[in-house]
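Asks: This one is work_19.cif, mmCIF, N, CA and C atoms.
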data_my_file
loop_
_atom_site.label_atom_id
_atom_site.label_comp_id
_atom_site.auth_asym_id
_atom_site.auth_seq_id
_atom_site.Cartn_x
_atom_site.Cartn_y
_atom_site.Cartn_z
N MET A 1 0.84 -1.18 0.00
CA MET A 1 0.00 0.00 0.00
C MET A 1 0.89 1.25 0.00
N ALA A 2 0.56 2.20 -0.86
CA ALA A 2 1.36 3.42 -0.99
C ALA A 2 1.15 4.34 0.21
N THR A 3 2.21 5.00 0.59
CA THR A 3 2.15 5.95 1.69
C THR A 3 1.56 7.26 1.20
N THR A 4 0.67 7.83 1.99
CA THR A 4 0.06 9.11 1.64
C THR A 4 1.05 10.24 1.93
N THR A 5 1.22 11.12 0.95
CA THR A 5 2.07 12.29 1.10
C THR A 5 1.21 13.53 0.89
N TRP A 6 1.27 14.46 1.84
CA TRP A 6 0.52 15.72 1.72
C TRP A 6 1.44 16.80 1.18
N HIS A 7 0.97 17.50 0.15
CA HIS A 7 1.74 18.56 -0.51
C HIS A 7 1.03 19.90 -0.27
N ARG A 8 1.76 20.88 0.22
CA ARG A 8 1.17 22.22 0.34
C ARG A 8 1.13 22.81 -1.06
N ILE A 9 -0.06 23.16 -1.54
CA ILE A 9 -0.20 23.65 -2.91
C ILE A 9 -0.41 25.16 -2.99
N GLY A 10 -0.54 25.82 -1.83
CA GLY A 10 -0.68 27.27 -1.82
C GLY A 10 -1.62 27.75 -0.74
N GLY A 11 -1.74 29.05 -0.66
CA GLY A 11 -2.68 29.66 0.27
C GLY A 11 -4.08 29.70 -0.34
N ARG A 12 -5.09 29.78 0.49
CA ARG A 12 -6.48 29.79 0.05
C ARG A 12 -6.75 30.90 -0.97
N ASP A 13 -6.40 32.14 -0.63
CA ASP A 13 -6.69 33.26 -1.53
C ASP A 13 -5.92 33.15 -2.84
N GLU A 14 -4.68 32.72 -2.75
CA GLU A 14 -3.86 32.53 -3.96
C GLU A 14 -4.51 31.51 -4.89
N LEU A 15 -4.97 30.40 -4.32
CA LEU A 15 -5.58 29.35 -5.14
C LEU A 15 -6.95 29.77 -5.68
N LEU A 16 -7.73 30.49 -4.89
CA LEU A 16 -9.03 30.97 -5.38
C LEU A 16 -8.86 31.86 -6.60
N ALA A 17 -7.76 32.60 -6.66
CA ALA A 17 -7.49 33.48 -7.81
C ALA A 17 -7.05 32.67 -9.03
N ARG A 18 -6.61 31.44 -8.85
CA ARG A 18 -6.07 30.62 -9.96
C ARG A 18 -7.02 29.56 -10.48
N VAL A 19 -7.94 29.06 -9.66
CA VAL A 19 -8.77 27.92 -10.07
C VAL A 19 -9.74 28.32 -11.18
N PRO A 20 -10.06 27.38 -12.08
CA PRO A 20 -9.44 26.07 -12.20
C PRO A 20 -8.02 26.18 -12.72
N CYS A 21 -7.19 25.25 -12.27
CA CYS A 21 -5.79 25.25 -12.71
C CYS A 21 -5.24 23.83 -12.64
N MET A 22 -4.13 23.62 -13.34
CA MET A 22 -3.47 22.33 -13.31
C MET A 22 -2.24 22.43 -12.43
N LEU A 23 -2.03 21.39 -11.62
CA LEU A 23 -0.86 21.32 -10.75
C LEU A 23 -0.06 20.08 -11.11
N ARG A 24 1.24 20.21 -11.13
CA ARG A 24 2.11 19.05 -11.34
C ARG A 24 2.78 18.72 -10.00
N LEU A 25 2.49 17.53 -9.52
CA LEU A 25 3.08 17.05 -8.28
C LEU A 25 3.90 15.81 -8.60
N PRO A 26 4.80 15.40 -7.72
CA PRO A 26 5.55 14.18 -7.99
C PRO A 26 4.60 13.00 -8.23
N GLY A 27 4.63 12.46 -9.43
CA GLY A 27 3.81 11.30 -9.76
C GLY A 27 2.37 11.59 -10.12
N ALA A 28 1.97 12.86 -10.20
CA ALA A 28 0.56 13.16 -10.51
C ALA A 28 0.41 14.54 -11.15
N SER A 29 -0.46 14.60 -12.15
CA SER A 29 -0.92 15.87 -12.71
C SER A 29 -2.37 16.01 -12.28
N VAL A 30 -2.70 17.13 -11.65
CA VAL A 30 -3.98 17.30 -10.98
C VAL A 30 -4.68 18.56 -11.50
N ALA A 31 -6.00 18.46 -11.70
CA ALA A 31 -6.82 19.62 -12.03
C ALA A 31 -7.51 20.05 -10.74
N LEU A 32 -7.32 21.30 -10.33
CA LEU A 32 -7.87 21.83 -9.08
C LEU A 32 -9.04 22.75 -9.39
N PHE A 33 -10.13 22.56 -8.66
CA PHE A 33 -11.35 23.35 -8.83
C PHE A 33 -11.82 23.83 -7.46
N HIS A 34 -12.73 24.81 -7.45
CA HIS A 34 -13.40 25.22 -6.22
C HIS A 34 -14.89 25.08 -6.50
N HIS A 35 -15.54 24.17 -5.77
CA HIS A 35 -16.96 23.89 -6.00
C HIS A 35 -17.64 23.72 -4.65
N ALA A 36 -18.81 24.34 -4.49
CA ALA A 36 -19.63 24.23 -3.28
C ALA A 36 -18.83 24.58 -2.02
N GLY A 37 -17.99 25.62 -2.13
CA GLY A 37 -17.25 26.11 -0.99
C GLY A 37 -16.01 25.33 -0.61
N ALA A 38 -15.61 24.37 -1.45
CA ALA A 38 -14.43 23.55 -1.12
C ALA A 38 -13.56 23.35 -2.35
N PHE A 39 -12.27 23.19 -2.11
CA PHE A 39 -11.36 22.83 -3.19
C PHE A 39 -11.56 21.36 -3.52
N ARG A 40 -11.57 21.04 -4.81
CA ARG A 40 -11.72 19.66 -5.30
C ARG A 40 -10.60 19.39 -6.29
N ALA A 41 -10.08 18.18 -6.27
CA ALA A 41 -8.97 17.84 -7.16
C ALA A 41 -9.23 16.50 -7.83
N ILE A 42 -9.06 16.49 -9.15
CA ILE A 42 -9.21 15.27 -9.94
C ILE A 42 -8.00 15.15 -10.87
N GLY A 43 -7.84 13.99 -11.49
CA GLY A 43 -6.78 13.82 -12.47
C GLY A 43 -6.91 14.87 -13.56
N ALA A 44 -5.79 15.34 -14.06
CA ALA A 44 -5.80 16.45 -15.02
C ALA A 44 -6.18 16.03 -16.44
N ALA A 45 -6.10 14.73 -16.76
CA ALA A 45 -6.32 14.27 -18.13
C ALA A 45 -7.66 13.54 -18.27
N CYS A 46 -8.40 13.90 -19.32
CA CYS A 46 -9.66 13.23 -19.65
C CYS A 46 -9.37 11.78 -20.06
N ASN A 47 -10.26 10.88 -19.69
CA ASN A 47 -10.11 9.47 -20.06
C ASN A 47 -10.21 9.25 -21.57
N HIS A 48 -10.93 10.11 -22.27
CA HIS A 48 -11.20 9.89 -23.69
C HIS A 48 -9.94 10.00 -24.53
N LYS A 49 -9.38 11.19 -24.60
CA LYS A 49 -8.18 11.41 -25.42
C LYS A 49 -7.12 12.22 -24.69
N GLY A 50 -7.24 12.33 -23.36
CA GLY A 50 -6.24 13.03 -22.58
C GLY A 50 -6.38 14.53 -22.54
N GLY A 51 -7.56 15.05 -22.86
CA GLY A 51 -7.79 16.50 -22.86
C GLY A 51 -7.52 17.11 -21.50
N PRO A 52 -7.17 18.42 -21.47
CA PRO A 52 -6.81 19.11 -20.22
C PRO A 52 -8.06 19.54 -19.44
N LEU A 53 -8.43 18.79 -18.43
CA LEU A 53 -9.66 19.07 -17.70
C LEU A 53 -9.65 20.43 -16.99
N ALA A 54 -8.50 20.91 -16.59
CA ALA A 54 -8.43 22.22 -15.93
C ALA A 54 -8.82 23.35 -16.87
N GLU A 55 -8.81 23.10 -18.18
CA GLU A 55 -9.20 24.12 -19.16
C GLU A 55 -10.68 24.00 -19.53
N GLY A 56 -11.38 23.03 -18.96
CA GLY A 56 -12.80 22.84 -19.26
C GLY A 56 -13.67 23.83 -18.49
N HIS A 57 -14.94 23.89 -18.87
CA HIS A 57 -15.86 24.76 -18.13
C HIS A 57 -16.72 23.90 -17.20
N MET A 58 -17.20 24.54 -16.14
CA MET A 58 -18.00 23.84 -15.14
C MET A 58 -19.48 23.90 -15.51
N ARG A 59 -20.17 22.78 -15.29
CA ARG A 59 -21.62 22.68 -15.41
C ARG A 59 -22.07 21.97 -14.15
N ASP A 60 -22.58 22.74 -13.19
CA ASP A 60 -22.89 22.22 -11.86
C ASP A 60 -21.62 21.64 -11.26
N GLU A 61 -21.64 20.36 -10.84
CA GLU A 61 -20.44 19.77 -10.25
C GLU A 61 -19.53 19.11 -11.29
N TYR A 62 -19.90 19.22 -12.56
CA TYR A 62 -19.15 18.54 -13.62
C TYR A 62 -18.26 19.50 -14.39
N VAL A 63 -17.05 19.04 -14.68
CA VAL A 63 -16.18 19.77 -15.59
C VAL A 63 -16.34 19.11 -16.96
N VAL A 64 -16.46 19.94 -17.98
CA VAL A 64 -16.64 19.47 -19.35
C VAL A 64 -15.30 19.60 -20.07
N CYS A 65 -14.78 18.47 -20.56
CA CYS A 65 -13.49 18.48 -21.25
C CYS A 65 -13.57 19.38 -22.48
N PRO A 66 -12.60 20.28 -22.66
CA PRO A 66 -12.65 21.21 -23.80
C PRO A 66 -12.42 20.54 -25.15
N TRP A 67 -11.90 19.33 -25.18
CA TRP A 67 -11.62 18.69 -26.46
C TRP A 67 -12.84 18.01 -27.05
N HIS A 68 -13.54 17.18 -26.30
CA HIS A 68 -14.64 16.40 -26.89
C HIS A 68 -15.89 16.37 -26.02
N GLY A 69 -15.94 17.15 -24.95
CA GLY A 69 -17.16 17.29 -24.17
C GLY A 69 -17.43 16.19 -23.15
N TRP A 70 -16.49 15.31 -22.87
CA TRP A 70 -16.71 14.32 -21.82
C TRP A 70 -16.79 15.07 -20.50
N GLU A 71 -17.60 14.56 -19.58
CA GLU A 71 -17.85 15.24 -18.31
C GLU A 71 -17.45 14.36 -17.13
N TYR A 72 -16.92 15.03 -16.09
CA TYR A 72 -16.52 14.33 -14.86
C TYR A 72 -16.90 15.18 -13.66
N SER A 73 -17.42 14.54 -12.63
CA SER A 73 -17.71 15.23 -11.38
C SER A 73 -16.40 15.61 -10.70
N VAL A 74 -16.31 16.86 -10.24
CA VAL A 74 -15.11 17.25 -9.51
C VAL A 74 -15.17 16.73 -8.07
N VAL A 75 -16.32 16.15 -7.67
CA VAL A 75 -16.49 15.56 -6.34
C VAL A 75 -16.12 14.08 -6.34
N THR A 76 -16.66 13.32 -7.31
CA THR A 76 -16.47 11.86 -7.33
C THR A 76 -15.51 11.38 -8.42
N GLY A 77 -15.25 12.21 -9.42
CA GLY A 77 -14.43 11.80 -10.56
C GLY A 77 -15.20 11.04 -11.62
N GLN A 78 -16.46 10.68 -11.33
CA GLN A 78 -17.26 9.89 -12.27
C GLN A 78 -17.98 10.78 -13.28
N GLY A 79 -18.38 10.14 -14.38
CA GLY A 79 -19.20 10.83 -15.36
C GLY A 79 -20.63 10.98 -14.84
N PRO A 80 -21.48 11.72 -15.56
CA PRO A 80 -22.88 11.86 -15.15
C PRO A 80 -23.63 10.54 -15.25
N GLU A 81 -24.81 10.48 -14.67
CA GLU A 81 -25.61 9.26 -14.67
C GLU A 81 -25.71 8.69 -16.09
N GLY A 82 -25.49 7.40 -16.19
CA GLY A 82 -25.47 6.74 -17.49
C GLY A 82 -24.07 6.61 -18.06
N TYR A 83 -23.15 7.44 -17.56
CA TYR A 83 -21.75 7.41 -18.00
C TYR A 83 -20.83 7.29 -16.79
N ASP A 84 -21.39 6.88 -15.66
CA ASP A 84 -20.66 6.88 -14.40
C ASP A 84 -19.77 5.66 -14.20
N GLU A 85 -19.68 4.78 -15.19
CA GLU A 85 -18.74 3.67 -15.07
C GLU A 85 -17.31 4.14 -15.33
N GLU A 86 -17.15 5.27 -16.00
CA GLU A 86 -15.84 5.88 -16.23
C GLU A 86 -15.52 6.81 -15.06
N GLN A 87 -14.25 6.90 -14.71
CA GLN A 87 -13.87 7.77 -13.60
C GLN A 87 -12.44 8.23 -13.77
N VAL A 88 -12.19 9.50 -13.48
CA VAL A 88 -10.83 10.00 -13.38
C VAL A 88 -10.44 9.96 -11.90
N PRO A 89 -9.14 9.93 -11.59
CA PRO A 89 -8.74 9.88 -10.19
C PRO A 89 -9.22 11.10 -9.40
N THR A 90 -9.49 10.90 -8.12
CA THR A 90 -9.79 12.01 -7.22
C THR A 90 -8.70 12.07 -6.16
N PHE A 91 -8.46 13.27 -5.65
CA PHE A 91 -7.41 13.48 -4.66
C PHE A 91 -8.01 14.18 -3.44
N ALA A 92 -7.58 13.77 -2.26
CA ALA A 92 -8.01 14.42 -1.02
C ALA A 92 -7.37 15.80 -0.94
N VAL A 93 -8.18 16.78 -0.51
CA VAL A 93 -7.70 18.15 -0.34
C VAL A 93 -8.15 18.62 1.04
N GLU A 94 -7.24 19.29 1.75
CA GLU A 94 -7.56 19.83 3.08
C GLU A 94 -7.12 21.29 3.15
N GLU A 95 -8.01 22.11 3.73
CA GLU A 95 -7.63 23.48 4.04
C GLU A 95 -7.15 23.49 5.48
N ARG A 96 -5.94 23.99 5.70
CA ARG A 96 -5.36 24.08 7.03
C ARG A 96 -5.03 25.54 7.32
N ALA A 97 -4.65 25.83 8.55
CA ALA A 97 -4.35 27.20 8.94
C ALA A 97 -3.22 27.80 8.10
N ASP A 98 -2.27 26.97 7.68
CA ASP A 98 -1.12 27.50 6.92
C ASP A 98 -1.23 27.29 5.42
N GLY A 99 -2.40 26.86 4.91
CA GLY A 99 -2.56 26.72 3.47
C GLY A 99 -3.43 25.55 3.09
N VAL A 100 -3.44 25.27 1.80
CA VAL A 100 -4.24 24.18 1.24
C VAL A 100 -3.29 23.04 0.88
N TYR A 101 -3.68 21.83 1.25
CA TYR A 101 -2.85 20.65 1.04
C TYR A 101 -3.60 19.62 0.19
N LEU A 102 -2.84 18.91 -0.62
CA LEU A 102 -3.38 17.87 -1.48
C LEU A 102 -2.59 16.59 -1.24
N ALA A 103 -3.30 15.46 -1.16
CA ALA A 103 -2.66 14.18 -0.87
C ALA A 103 -2.42 13.37 -2.15
N THR A 104 -1.27 12.74 -2.21
CA THR A 104 -0.99 11.74 -3.25
C THR A 104 -0.59 10.47 -2.53
N PRO A 105 -0.86 9.31 -3.09
CA PRO A 105 -1.51 9.05 -4.36
C PRO A 105 -3.01 9.37 -4.30
N PRO A 106 -3.72 9.20 -5.44
CA PRO A 106 -5.15 9.53 -5.48
C PRO A 106 -5.95 8.72 -4.46
N ALA A 107 -7.05 9.33 -3.99
CA ALA A 107 -7.97 8.65 -3.07
C ALA A 107 -8.79 7.60 -3.81
N SER A 108 -9.08 7.86 -5.08
CA SER A 108 -9.78 6.88 -5.92
C SER A 108 -9.07 6.81 -7.27
N PRO A 109 -9.04 5.62 -7.87
CA PRO A 109 -8.25 5.44 -9.09
C PRO A 109 -9.00 5.84 -10.36
N ARG A 110 -8.25 5.88 -11.44
CA ARG A 110 -8.85 6.06 -12.76
C ARG A 110 -9.54 4.76 -13.14
N LYS A 111 -10.76 4.86 -13.68
CA LYS A 111 -11.46 3.69 -14.21
C LYS A 111 -11.76 3.97 -15.67
N LEU A 112 -11.17 3.16 -16.52
CA LEU A 112 -11.31 3.34 -17.95
C LEU A 112 -11.95 2.10 -18.53
N ILE A 113 -13.08 2.27 -19.18
CA ILE A 113 -13.82 1.16 -19.78
C ILE A 113 -13.43 1.06 -21.25
N LYS A 114 -13.09 -0.14 -21.68
CA LYS A 114 -12.78 -0.34 -23.10
C LYS A 114 -14.09 -0.35 -23.87
N HIS A 115 -14.22 0.56 -24.81
CA HIS A 115 -15.44 0.69 -25.60
C HIS A 115 -15.23 0.07 -26.97
N LYS A 116 -16.25 -0.60 -27.46
CA LYS A 116 -16.16 -1.13 -28.82
C LYS A 116 -16.39 0.02 -29.79
N PRO A 117 -15.83 -0.05 -30.97
CA PRO A 117 -16.05 1.01 -31.95
C PRO A 117 -17.54 1.12 -32.28
N SER A 118 -17.98 2.35 -32.44
CA SER A 118 -19.39 2.59 -32.73
C SER A 118 -19.57 2.86 -34.22
N HIS A 119 -20.51 2.18 -34.81
CA HIS A 119 -20.83 2.42 -36.21
C HIS A 119 -21.85 3.54 -36.29
N LEU A 120 -21.64 4.49 -37.16
CA LEU A 120 -22.52 5.66 -37.25
C LEU A 120 -23.96 5.31 -37.60
N LEU A 121 -24.18 4.20 -38.30
CA LEU A 121 -25.54 3.84 -38.70
C LEU A 121 -26.24 2.95 -37.67
N ALA A 122 -25.51 2.53 -36.63
CA ALA A 122 -26.13 1.69 -35.60
C ALA A 122 -27.10 2.51 -34.77
N ASP A 123 -28.10 1.85 -34.19
CA ASP A 123 -29.06 2.51 -33.32
C ASP A 123 -28.36 2.93 -32.03
N HIS A 124 -28.51 4.18 -31.62
CA HIS A 124 -27.89 4.70 -30.41
C HIS A 124 -28.97 5.29 -29.51
N PRO A 125 -29.66 4.44 -28.73
CA PRO A 125 -30.74 4.96 -27.89
C PRO A 125 -30.21 5.93 -26.83
N LYS A 126 -31.03 6.92 -26.51
CA LYS A 126 -30.69 7.90 -25.48
C LYS A 126 -31.60 7.67 -24.28
N PRO A 127 -31.12 7.92 -23.07
CA PRO A 127 -32.01 7.83 -21.91
C PRO A 127 -33.03 8.96 -21.96
N PRO A 128 -34.20 8.75 -21.36
CA PRO A 128 -35.22 9.81 -21.35
C PRO A 128 -34.66 11.11 -20.76
N GLY A 129 -34.97 12.22 -21.41
CA GLY A 129 -34.53 13.52 -20.93
C GLY A 129 -33.11 13.90 -21.30
N ALA A 130 -32.42 13.03 -22.04
CA ALA A 130 -31.05 13.34 -22.44
C ALA A 130 -31.05 14.49 -23.45
N PRO A 131 -29.99 15.31 -23.46
CA PRO A 131 -29.95 16.41 -24.42
C PRO A 131 -29.85 15.89 -25.85
N PRO A 132 -30.22 16.71 -26.82
CA PRO A 132 -30.15 16.26 -28.21
C PRO A 132 -28.70 16.04 -28.64
N ARG A 133 -28.52 15.13 -29.55
CA ARG A 133 -27.21 14.91 -30.13
C ARG A 133 -27.13 15.70 -31.42
N VAL A 134 -25.99 16.29 -31.65
CA VAL A 134 -25.83 17.14 -32.82
C VAL A 134 -24.64 16.64 -33.63
N LEU A 135 -24.82 16.54 -34.91
CA LEU A 135 -23.74 16.15 -35.81
C LEU A 135 -23.41 17.36 -36.67
N GLY A 136 -22.15 17.75 -36.66
CA GLY A 136 -21.73 18.88 -37.47
C GLY A 136 -20.91 18.39 -38.64
N LEU A 137 -21.22 18.87 -39.83
CA LEU A 137 -20.48 18.52 -41.03
C LEU A 137 -19.88 19.79 -41.60
N SER A 138 -18.70 19.69 -42.14
CA SER A 138 -18.06 20.82 -42.77
C SER A 138 -17.71 20.46 -44.20
N THR A 139 -17.94 21.39 -45.10
CA THR A 139 -17.59 21.16 -46.50
C THR A 139 -16.32 21.92 -46.86
N THR A 140 -15.59 22.36 -45.84
CA THR A 140 -14.35 23.08 -46.07
C THR A 140 -13.33 22.19 -46.73
N GLY A 141 -12.71 22.69 -47.79
CA GLY A 141 -11.66 21.93 -48.45
C GLY A 141 -10.41 21.92 -47.58
N MET A 142 -9.82 20.76 -47.44
CA MET A 142 -8.58 20.66 -46.66
C MET A 142 -7.49 20.04 -47.53
N ASP A 143 -6.34 20.68 -47.53
CA ASP A 143 -5.16 20.14 -48.18
C ASP A 143 -3.94 20.76 -47.50
N ALA A 144 -2.76 20.50 -48.01
CA ALA A 144 -1.55 21.01 -47.35
C ALA A 144 -1.54 22.53 -47.26
N ALA A 145 -2.10 23.21 -48.25
CA ALA A 145 -2.13 24.67 -48.26
C ALA A 145 -3.23 25.25 -47.38
N ASN A 146 -4.27 24.42 -47.09
CA ASN A 146 -5.43 24.87 -46.30
C ASN A 146 -5.72 23.86 -45.19
N PRO A 147 -4.84 23.78 -44.17
CA PRO A 147 -5.05 22.78 -43.12
C PRO A 147 -6.24 23.17 -42.25
N ARG A 148 -6.77 22.19 -41.58
CA ARG A 148 -7.89 22.42 -40.67
C ARG A 148 -7.38 22.23 -39.26
N PHE A 149 -7.68 23.15 -38.41
CA PHE A 149 -7.18 23.10 -37.03
C PHE A 149 -8.27 22.63 -36.11
#
Now, as a test, write the supplied structure out as structure tokens.

Replies:
Amino acid sequence: MATTTWHRIGGRDELLARVPCMLRLPGASVALFHHAGAFRAIGAACNHKGGPLAEGHMRDEYVVCPWHGWEYSVVTGQGPEGYDEEQVPTFAVEERADGVYLATPPASPRKLIKHKPSHLLADHPKPPGAPPRVLGLSTTGMDAANPRF
């Protein structure tokens, strides 16, 4: 069993001015957020393609990955209902008199589910009340002189 190490990551006011932000600690890259009056820390990389979660926007308790829109709770590390089998690591955070501390290793591990490739013509049922799915197509010509970013 790994030994817990507490790292002082800064003062409360300093961190409130920076969140959300990414922190690099020995053996861990962490995305730090402030939600519901408390600092929350999850793994910095999205399970999907490694997107930077600290650069995502918050929707309630969920951070939305800026690359492909995957969502993770900053409290539990899990996706929203229906997608909660996936999880990014969560880290314990404590506010103390002399600053804010974060513990490594993670309190909960990354859970990555191997997904089978999805065929675009296959039936993809949505749970009741789920938001609409949108497909965007572009007719922009792409070649070496006109790359697409």

Asks: Report, in Å to a single decimal, how far apart atom N of Tyr101 (chain A) and CA of Gly10 (chain A) are.

Replies: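 Atom-to-atom, CA of Gly10 (chain A) and atom N of Tyr101 (chain A) are spaced 6.9 Å apart.
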
Asks: If I take atom C of Leu112 (chain A) and atom N of Gly69 (chain A), how far is one from the other in Å, to one decimal?

Replies: 16.8 Å

Asks: Go through A:Gly43, A:Tyr62, A:Leu53, A:Arg133 one by one, measure the shortest atom-to-atom distance of each to Pro80 (chain A) using only N, CA and C atoms, and give the residue with the smallest value.

Replies: A:Tyr62

Asks: Set the distance at 7 Å and use all atoms listed in the file: which residues neighbour region 84-97 of chain A once local chain neighbours fewer than 2 positions away are removed? I'd like the list as an mmCIF file with N, CA and C atoms, keeping the file's coordinate frame.

Replies:
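Final file, result00.cif:
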data_model
loop_
_atom_site.group_PDB
_atom_site.id
_atom_site.type_symbol
_atom_site.label_atom_id
_atom_site.label_comp_id
_atom_site.auth_asym_id
_atom_site.auth_seq_id
_atom_site.Cartn_x
_atom_site.Cartn_y
_atom_site.Cartn_z
ATOM 1 N N PHE A 39 -12.270 23.190 -2.110
ATOM 2 C CA PHE A 39 -11.360 22.830 -3.190
ATOM 3 C C PHE A 39 -11.560 21.360 -3.520
ATOM 4 N N ARG A 40 -11.570 21.040 -4.810
ATOM 5 C CA ARG A 40 -11.720 19.660 -5.300
ATOM 6 C C ARG A 40 -10.600 19.390 -6.290
ATOM 7 N N ALA A 41 -10.080 18.180 -6.270
ATOM 8 C CA ALA A 41 -8.970 17.840 -7.160
ATOM 9 C C ALA A 41 -9.230 16.500 -7.830
ATOM 10 N N ILE A 42 -9.060 16.490 -9.150
ATOM 11 C CA ILE A 42 -9.210 15.270 -9.940
ATOM 12 C C ILE A 42 -8.000 15.150 -10.870
ATOM 13 N N GLY A 43 -7.840 13.990 -11.490
ATOM 14 C CA GLY A 43 -6.780 13.820 -12.470
ATOM 15 C C GLY A 43 -6.910 14.870 -13.560
ATOM 16 N N ALA A 44 -5.790 15.340 -14.060
ATOM 17 C CA ALA A 44 -5.800 16.450 -15.020
ATOM 18 C C ALA A 44 -6.180 16.030 -16.440
ATOM 19 N N ALA A 45 -6.100 14.730 -16.760
ATOM 20 C CA ALA A 45 -6.320 14.270 -18.130
ATOM 21 C C ALA A 45 -7.660 13.540 -18.270
ATOM 22 N N ASN A 47 -10.260 10.880 -19.690
ATOM 23 C CA ASN A 47 -10.110 9.470 -20.060
ATOM 24 C C ASN A 47 -10.210 9.250 -21.570
ATOM 25 N N TYR A 72 -16.920 15.030 -16.090
ATOM 26 C CA TYR A 72 -16.520 14.330 -14.860
ATOM 27 C C TYR A 72 -16.900 15.180 -13.660
ATOM 28 N N VAL A 75 -16.320 16.150 -7.670
ATOM 29 C CA VAL A 75 -16.490 15.560 -6.340
ATOM 30 C C VAL A 75 -16.120 14.080 -6.340
ATOM 31 N N THR A 76 -16.660 13.320 -7.310
ATOM 32 C CA THR A 76 -16.470 11.860 -7.330
ATOM 33 C C THR A 76 -15.510 11.380 -8.420
ATOM 34 N N GLY A 77 -15.250 12.210 -9.420
ATOM 35 C CA GLY A 77 -14.430 11.800 -10.560
ATOM 36 C C GLY A 77 -15.200 11.040 -11.620
ATOM 37 N N GLN A 78 -16.460 10.680 -11.330
ATOM 38 C CA GLN A 78 -17.260 9.890 -12.270
ATOM 39 C C GLN A 78 -17.980 10.780 -13.280
ATOM 40 N N GLY A 79 -18.380 10.140 -14.380
ATOM 41 C CA GLY A 79 -19.200 10.830 -15.360
ATOM 42 C C GLY A 79 -20.630 10.980 -14.840
ATOM 43 N N PRO A 80 -21.480 11.720 -15.560
ATOM 44 C CA PRO A 80 -22.880 11.860 -15.150
ATOM 45 C C PRO A 80 -23.630 10.540 -15.250
ATOM 46 N N GLU A 81 -24.810 10.480 -14.670
ATOM 47 C CA GLU A 81 -25.610 9.260 -14.670
ATOM 48 C C GLU A 81 -25.710 8.690 -16.090
ATOM 49 N N GLY A 82 -25.490 7.400 -16.190
ATOM 50 C CA GLY A 82 -25.470 6.740 -17.490
ATOM 51 C C GLY A 82 -24.070 6.610 -18.060
ATOM 52 N N GLY A 99 -2.400 26.860 4.910
ATOM 53 C CA GLY A 99 -2.560 26.720 3.470
ATOM 54 C C GLY A 99 -3.430 25.550 3.090
ATOM 55 N N VAL A 100 -3.440 25.270 1.800
ATOM 56 C CA VAL A 100 -4.240 24.180 1.240
ATOM 57 C C VAL A 100 -3.290 23.040 0.880
ATOM 58 N N TYR A 101 -3.680 21.830 1.250
ATOM 59 C CA TYR A 101 -2.850 20.650 1.040
ATOM 60 C C TYR A 101 -3.600 19.620 0.190
ATOM 61 N N LEU A 102 -2.840 18.910 -0.620
ATOM 62 C CA LEU A 102 -3.380 17.870 -1.480
ATOM 63 C C LEU A 102 -2.590 16.590 -1.240
ATOM 64 N N ALA A 103 -3.300 15.460 -1.160
ATOM 65 C CA ALA A 103 -2.660 14.180 -0.870
ATOM 66 C C ALA A 103 -2.420 13.370 -2.150
ATOM 67 N N THR A 104 -1.270 12.740 -2.210
ATOM 68 C CA THR A 104 -0.990 11.740 -3.250
ATOM 69 C C THR A 104 -0.590 10.470 -2.530
ATOM 70 N N PRO A 105 -0.860 9.310 -3.090
ATOM 71 C CA PRO A 105 -1.510 9.050 -4.360
ATOM 72 C C PRO A 105 -3.010 9.370 -4.300
ATOM 73 N N PRO A 106 -3.720 9.200 -5.440
ATOM 74 C CA PRO A 106 -5.150 9.530 -5.480
ATOM 75 C C PRO A 106 -5.950 8.720 -4.460
ATOM 76 N N ALA A 107 -7.050 9.330 -3.990
ATOM 77 C CA ALA A 107 -7.970 8.650 -3.070
ATOM 78 C C ALA A 107 -8.790 7.600 -3.810
ATOM 79 N N SER A 108 -9.080 7.860 -5.080
ATOM 80 C CA SER A 108 -9.780 6.880 -5.920
ATOM 81 C C SER A 108 -9.070 6.810 -7.270
ATOM 82 N N PRO A 109 -9.040 5.620 -7.870
ATOM 83 C CA PRO A 109 -8.250 5.440 -9.090
ATOM 84 C C PRO A 109 -9.000 5.840 -10.360
ATOM 85 N N ARG A 110 -8.250 5.880 -11.440
ATOM 86 C CA ARG A 110 -8.850 6.060 -12.760
ATOM 87 C C ARG A 110 -9.540 4.760 -13.140
ATOM 88 N N LYS A 111 -10.760 4.860 -13.680
ATOM 89 C CA LYS A 111 -11.460 3.690 -14.210
ATOM 90 C C LYS A 111 -11.760 3.970 -15.670
ATOM 91 N N LEU A 112 -11.170 3.160 -16.520
ATOM 92 C CA LEU A 112 -11.310 3.340 -17.950
ATOM 93 C C LEU A 112 -11.950 2.100 -18.530
ATOM 94 N N ILE A 113 -13.080 2.270 -19.180
ATOM 95 C CA ILE A 113 -13.820 1.160 -19.780
ATOM 96 C C ILE A 113 -13.430 1.060 -21.250
#

Asks: Provide the CA of His35 (chain A) to CA of His57 (chain A) distance in Å, to one decimal place.

Replies: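 Calculated distance between CA of His35 (chain A) and CA of His57 (chain A) is 12.2 Å.
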
Asks: If you run DSSP on the backbone here, which positions in chain A get alpha helix (DSSP H)? Please write them as a list in words.

Replies: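 The alpha helix (DSSP H) subset of chain A is Arg12, Asp13, Glu14, Leu15, Leu16, Ala17 and Arg18 of chain A.
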
Asks: Report as JSON the centre and the edge lengths, in Å to one decimal, of the axis-aligned box holding every listed atom of region 85-98 of chain A, padded by 5 Å on each side.

Replies:
{"center_x": -10.4, "center_y": 15.7, "center_z": -3.6, "size_x": 28.6, "size_y": 34.1, "size_z": 35.2}

Asks: For this file, the PyMOL selection byres ((chain A and resi 11-23) around 6) selects which residues, as number ranges by chain?

Replies: A: 9-10, 24-25, 28-34, 54, 98-100

Asks: Could you pull out the strand (DSSP E or B) residues of region 6-143 of chain A, going by DSSP on the backbone, and write them as an MDAnalysis selection string?

Replies: chainID A and resid 6:10 21:25 28:35 38:43 45 52 57:59 62:64 71:73 78 87 90:91 93:96 99:104 108 111 143
